[in-house]
Amino acid sequence: MAPPGAALAAGLLFFPGLFVLARAALRRRCPEPHAVILAARLVSSVQAVMASTAGFIISSSCQHVIDDQHWLAGAYPPFAVPYFLYDLYAMFLCHRHRARVKGHEDAPPPPPRAAAAAFLRREALLVLHHVTMVLGCFPAACVSAAARGRPLPGGGLWGSMGDYGHL
């Protein structure tokens with residue numbers, strides 16, 4: 001198995017990297033606001049497929065999903081945690097560009113501080129969900145798994161399954 005921080009580092013590179021590559025490719029064919037929104041949706045879709053696949057593999061490979069062990073149950077969550085941090089940034093970018101896509105292409109984007117305040121007012125629960133997953137659920141799952149002397153339980157992957165319809 002890889003060193004503990006390797007999956008986290010891979011996730012930190014993978015999700016923002018995929019977004020930057022997708023946005024750069026899309027910028028050649030459409031305006032920046034459209035490119036940002038489409039690239040964010042692509043990354044969210046990739047994460048949804050990966051999380052669903054990992055959850056399916058774990059649940060179908062284990063007799064008892066909570067008590068059994070599977071290497072993917074310990075490897076995937078640290079890889080996926082950076083997605084929640086990346087996704088907060090991507091949701092903010094989408095929020096900032098959304099008005100420019102809906103018929104206000106000539107208007108400049110709002111100042112970052114005003115856009116951030118409007119984003120937090122509009123998406124407060126989704127931001128809370130992302131922060132809770134990173135600062136609450138993931139550490140709690142790690143502590144719980146460590147107390148049992150093994151990797152994260154497979155059921156932990158299903159906790160983020162409802163997160164992919166927000167863009």
# chains A, B, ... in the order shown; residues from 1 in each chain; ligands from 1
call {"tool": "select_by_dssp", "arguments": {"residues": "segment 37-140 of chain A", "states": "helix (DSSP H, G or I)", "output": "ChimeraX atom specification"}}
result
/A:37-61,71-101,112-122,124-140
call {"tool": "residues_around", "arguments": {"residues": "segment 39-43 of chain A", "least_positions_apart": "4", "cutoff": "9 Å", "atoms": "only C-alpha atoms", "output": "ChimeraX atom specification"}}
result
/A:15-16,18-24,26,34-35,47-48,83,87,90-91,93-94,167
call {"tool": "residues_around", "arguments": {"residues": "segment 108-114 of chain A", "least_positions_apart": "2", "cutoff": "7 Å", "atoms": "only C-alpha atoms", "output": "list in words"}}
result
Arg96, His97, Asp106, Ala116, Ala117 and Ala118 of chain A
call {"tool": "closest_residue", "arguments": {"among": "A:Ala80, A:Leu120, A:Leu8, A:Ala75", "to": "Met133 of chain A", "atoms": "only C-alpha atoms"}}
result
A:Ala80
call {"tool": "atom_distance", "arguments": {"atom1": "atom CA of Val134 of chain A", "atom2": "atom CA of Pro82 of chain A"}}
result
8.2 Å
call {"tool": "closest_residue", "arguments": {"among": "A:Pro78, A:Ala115, A:Glu123, A:His70", "to": "Phe138 of chain A", "atoms": "only C-alpha atoms"}}
result
A:Pro78
